[in-house]
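Trainee: Next comes start05.cif, mmCIF, C-alpha atoms:
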data_data
#
loop_
_atom_site.label_atom_id
_atom_site.label_comp_id
_atom_site.auth_asym_id
_atom_site.auth_seq_id
_atom_site.Cartn_x
_atom_site.Cartn_y
_atom_site.Cartn_z
CA MET A 103 -58.60 7.21 -22.25
CA THR A 104 -57.51 10.47 -20.74
CA SER A 105 -54.28 11.08 -19.00
CA ALA A 106 -53.22 13.68 -16.53
CA PRO A 107 -52.14 16.91 -18.15
CA PHE A 108 -48.34 17.32 -18.55
CA HIS A 109 -46.84 20.18 -16.60
CA PRO A 110 -43.26 20.84 -17.74
CA ALA A 111 -42.50 22.93 -14.66
CA ALA A 112 -43.15 19.95 -12.34
CA GLY A 113 -40.51 17.67 -13.96
CA PRO A 114 -37.49 19.96 -13.75
CA ALA A 115 -38.36 21.05 -10.23
CA ARG A 116 -38.31 17.45 -9.06
CA ARG A 117 -34.98 16.83 -10.86
CA THR A 118 -33.56 19.95 -9.30
CA VAL A 119 -34.56 18.79 -5.83
CA VAL A 120 -33.11 15.32 -6.37
CA ALA A 121 -29.87 16.75 -7.81
CA ALA A 122 -29.55 19.20 -4.93
CA ALA A 123 -30.07 16.41 -2.39
CA GLY A 124 -27.43 14.30 -4.12
CA ALA A 125 -24.98 17.22 -4.19
CA ALA A 126 -25.60 17.92 -0.51
CA GLY A 127 -24.97 14.27 0.33
CA LEU A 128 -21.76 14.23 -1.71
CA THR A 129 -20.61 17.44 -0.04
CA ALA A 130 -21.23 15.92 3.40
CA VAL A 131 -19.28 12.76 2.51
CA LEU A 132 -16.36 14.75 1.11
CA ALA A 133 -16.32 17.01 4.14
CA ALA A 134 -16.29 14.01 6.46
CA CYS A 135 -13.38 12.47 4.54
CA SER A 136 -11.50 15.75 4.60
CA ASP A 137 -12.02 16.22 8.34
CA SER A 138 -11.01 12.61 8.98
CA ASP A 139 -7.75 12.95 7.05
CA ASP A 140 -6.87 16.23 8.76
CA GLY A 141 -7.60 14.77 12.17
CA ALA A 142 -5.62 11.60 11.52
CA SER A 143 -2.47 13.39 10.49
CA GLY A 144 -2.85 16.01 13.20
CA ASP A 145 -3.27 13.34 15.86
CA GLY A 146 -0.24 11.38 14.70
CA GLY A 147 -2.20 8.94 12.53
CA THR A 148 0.42 6.53 11.24
CA ALA A 149 -1.34 4.69 8.43
CA PRO A 150 -1.97 7.59 6.01
CA SER A 151 1.37 9.32 6.55
CA GLY A 152 3.60 6.28 7.02
CA SER A 153 3.15 4.31 3.85
CA PRO A 154 3.91 7.01 1.26
CA SER A 155 7.05 8.20 3.05
CA GLN A 156 8.34 4.65 3.37
CA GLU A 157 7.89 3.98 -0.32
CA ALA A 158 9.55 7.27 -1.23
CA GLY A 159 12.93 6.04 -0.03
CA GLY A 160 14.87 4.61 2.86
CA GLY A 161 16.59 7.79 4.04
CA GLY A 162 13.55 9.68 5.33
CA SER A 163 11.32 6.73 5.95
CA GLY A 164 12.18 6.03 9.57
CA GLY A 165 10.67 9.15 11.10
CA GLY A 166 7.53 9.41 9.00
CA GLU A 167 5.83 6.18 9.85
CA ASN A 168 6.19 6.03 13.59
CA ALA A 169 4.67 8.44 16.02
CA GLY A 170 6.60 6.65 18.80
CA ALA A 171 10.12 7.20 17.45
CA GLY A 172 12.59 6.55 20.21
CA ALA A 173 10.27 4.24 22.14
CA ALA A 174 11.51 0.67 22.49
CA LEU A 175 10.20 -1.45 19.65
CA ALA A 176 11.52 -4.79 20.86
CA ALA A 177 14.17 -6.49 22.90
CA THR A 178 17.02 -8.02 20.94
CA ALA A 179 16.01 -11.40 22.38
CA ASP A 180 12.60 -11.02 20.63
CA ILE A 181 14.22 -11.20 17.18
CA PRO A 182 15.39 -14.71 16.31
CA GLU A 183 18.79 -15.18 14.68
CA GLY A 184 18.26 -15.99 11.01
CA GLY A 185 14.69 -14.69 11.23
CA GLY A 186 12.72 -11.66 12.26
CA LYS A 187 9.49 -10.22 13.54
CA VAL A 188 6.81 -8.07 11.90
CA PHE A 189 5.48 -5.08 13.88
CA PRO A 190 2.21 -4.26 12.08
CA ASP A 191 1.33 -1.18 14.14
CA GLN A 192 4.65 0.46 13.28
CA LYS A 193 4.65 -0.96 9.73
CA VAL A 194 8.16 -2.29 10.17
CA VAL A 195 9.84 -5.69 10.14
CA VAL A 196 13.03 -6.24 12.14
CA THR A 197 15.40 -9.04 11.21
CA GLN A 198 18.59 -10.57 12.58
CA PRO A 199 20.39 -12.18 9.61
CA ALA A 200 23.44 -13.00 11.76
CA ALA A 201 24.04 -12.92 15.50
CA GLY A 202 23.92 -9.32 16.73
CA ASP A 203 23.26 -7.88 13.23
CA PHE A 204 19.82 -6.24 13.28
CA LYS A 205 18.11 -4.81 10.19
CA ALA A 206 14.75 -3.11 9.72
CA PHE A 207 12.60 -2.68 6.64
CA SER A 208 9.21 -1.31 5.71
CA ALA A 209 6.51 -3.93 6.27
CA THR A 210 4.64 -2.66 3.21
CA CYS A 211 5.12 -4.87 0.15
CA THR A 212 6.37 -2.97 -2.89
CA HIS A 213 4.02 -4.89 -5.19
CA GLN A 214 0.58 -3.59 -4.19
CA GLY A 215 1.04 -2.23 -0.69
CA CYS A 216 -0.08 -5.26 1.31
CA ALA A 217 1.45 -5.76 4.74
CA VAL A 218 4.07 -8.48 4.98
CA LYS A 219 2.99 -11.04 7.55
CA SER A 220 5.81 -13.43 8.39
CA VAL A 221 9.53 -14.09 8.45
CA ALA A 222 10.68 -17.66 7.80
CA ASP A 223 13.61 -19.45 6.21
CA GLY A 224 15.56 -16.22 5.68
CA LEU A 225 12.65 -14.52 3.89
CA ILE A 226 10.14 -11.78 4.68
CA ASN A 227 6.85 -12.98 3.18
CA CYS A 228 3.86 -11.13 1.77
CA PRO A 229 0.69 -13.25 1.70
CA CYS A 230 -1.15 -11.24 -0.97
CA HIS A 231 0.74 -12.41 -4.07
CA ASN A 232 3.59 -14.43 -2.54
CA SER A 233 6.36 -11.87 -2.88
CA SER A 234 9.35 -12.57 -0.67
CA PHE A 235 12.29 -10.45 0.42
CA SER A 236 15.74 -11.12 1.88
CA ILE A 237 16.11 -10.62 5.63
CA THR A 238 19.63 -9.29 4.96
CA ASP A 239 18.95 -6.40 2.59
CA GLY A 240 15.23 -6.42 1.74
CA SER A 241 15.92 -7.44 -1.88
CA VAL A 242 13.22 -9.22 -3.86
CA GLN A 243 13.67 -13.00 -3.72
CA GLY A 244 10.42 -14.08 -5.37
CA GLY A 245 6.98 -13.05 -6.54
CA PRO A 246 5.82 -10.00 -8.45
CA ALA A 247 7.32 -7.29 -6.18
CA PRO A 248 9.21 -4.81 -8.40
CA LYS A 249 11.51 -3.28 -5.77
CA PRO A 250 13.18 -4.23 -2.49
CA LEU A 251 11.63 -3.29 0.84
CA PRO A 252 12.96 0.12 1.88
CA ALA A 253 15.29 0.14 4.87
CA VAL A 254 14.04 1.71 8.09
CA GLN A 255 16.49 3.24 10.55
CA ILE A 256 16.75 1.57 13.95
CA THR A 257 19.05 1.97 16.93
CA VAL A 258 20.22 -0.99 18.99
CA SER A 259 21.30 0.00 22.48
CA GLY A 260 22.01 -2.75 24.97
CA ASP A 261 19.17 -5.23 24.60
CA SER A 262 16.71 -2.66 23.21
CA ILE A 263 15.79 -1.96 19.60
CA ARG A 264 14.32 1.47 18.89
CA LEU A 265 13.02 3.15 15.76
CA SER A 266 15.22 6.13 14.94
CA GLY A 267 13.50 9.47 14.62
#
Would you mind writing the file's structure down as structure tokens?

Mentor:
Amino acid sequence: MTSAPFHPAAGPARRTVVAAAGAAGLTAVLAACSDSDDGASGDGGTAPSGSPSQEAGGGGSGGGENAGAGAALAATADIPEGGGKVFPDQKVVVTQPAAGDFKAFSATCTHQGCAVKSVADGLINCPCHNSSFSITDGSVQGGPAPKPLPAVQITVSGDSIRLSG
């Protein structure tokens, strides 16, 4: 039995070509991700820039997550007394614990960053791991969440609720 002669130069050349193709593909993917991130934040993309600023603290969180600061978010009549409403696009939940007392909190759960989905029975609820938060102050009422929901600044003027900028 004879086999084809071994040519050491052929093996490394093939590996070099395969490695170069892999590196070029990785470079293209990284460049696409980089361009996408730059474009999203330059065009007012709210998802990448909103979540980290909300979790950093309540004071500066209102302006970072909403490109439409100052635009009407809801009418006061849209927020039930003793309940609230989640605004997923703005990543905010607005509550009315008592008549005429409106509060707003980040809609991003402090456990693992899931979006809260509902407000019922005086609680803001996250469906991912069943964390729940008070509609009055955002404090943790149940589940694995380690911290309260950060407050978000709103302005109530007449029958309009606006995110503060």

Trainee: Rounded to one decimal in Å, what is the spacing between CA of His231 (chain A) and CA of Lys187 (chain A)?

Mentor: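 Atom-to-atom, CA of His231 (chain A) and CA of Lys187 (chain A) are spaced 19.8 Å apart.
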
Trainee: Since I can't run it myself right now, could you work out what the PyMOL selection byres ((chain A and resi 212) around 6) selects here and report it as a ChimeraX atom specification?

Mentor: /A:211,213-215,247,249

Trainee: Carefully work through the PyMOL selection byres ((chain A and resi 223) around 10) for this structure and note down the residues it includes, as a count of residues only.

Mentor: 11

Trainee: Would you mind reading off the distance between CA of Leu175 (chain A) and CA of Thr197 (chain A), one decimal, in Å?

Mentor: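 Computed distance, CA of Leu175 (chain A) to CA of Thr197 (chain A), equals 12.5 Å.
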
Trainee: To one decimal place in Å, what is the distance between CA of Gly260 (chain A) and CA of Pro199 (chain A)?

Mentor: 18.1 Å

Trainee: Return the single residue from A:Phe235, A:Thr210, A:Asp261, A:Lys219 that is closest to Ile181 (chain A), with distances computed using all atoms listed in the file.

Mentor: A:Asp261

Trainee: Name the closest residue to Gln255 (chain A) among the candidates A:Ala173, A:Val195, A:Ala206, A:Ala179; distances are taken between atoms, counting only C-alpha atoms.

Mentor: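 Of A:Ala173, A:Val195, A:Ala206, A:Ala179, the one nearest Gln255 (chain A), counting only C-alpha atoms, is A:Ala206.
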
Trainee: Kindly indicate which residue among A:Pro252, A:Gly245, A:Gly240, A:Pro190 lies nearest to Cys228 (chain A), using all atoms listed in the file for the distances.

Mentor: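 That would be A:Gly245, the residue with the smallest distance to Cys228 (chain A).
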
Trainee: May I have the residues within 12 Å of Ala177 (chain A) as a VMD selection string, using all atoms listed in the file and disregarding those fewer than 6 positions away in the same chain?

Mentor: chain A and resid 186 to 187 196 198 202 204 257 to 264

Trainee: Taking into account only C-alpha atoms, which residue in the set A:Pro182, A:Ala217, A:Lys193, A:Phe207 is nearest to Ile256 (chain A)?

Mentor: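 Checking each candidate against Ile256 (chain A), we get A:Phe207 as the closest.
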
Trainee: Ranking A:Asp239, A:Pro229, A:Gly172, A:Pro250 by minimum distance to Asp203 (chain A) and counting all atoms listed in the file, which one comes first?

Mentor: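 Nearest to Asp203 (chain A): A:Asp239.
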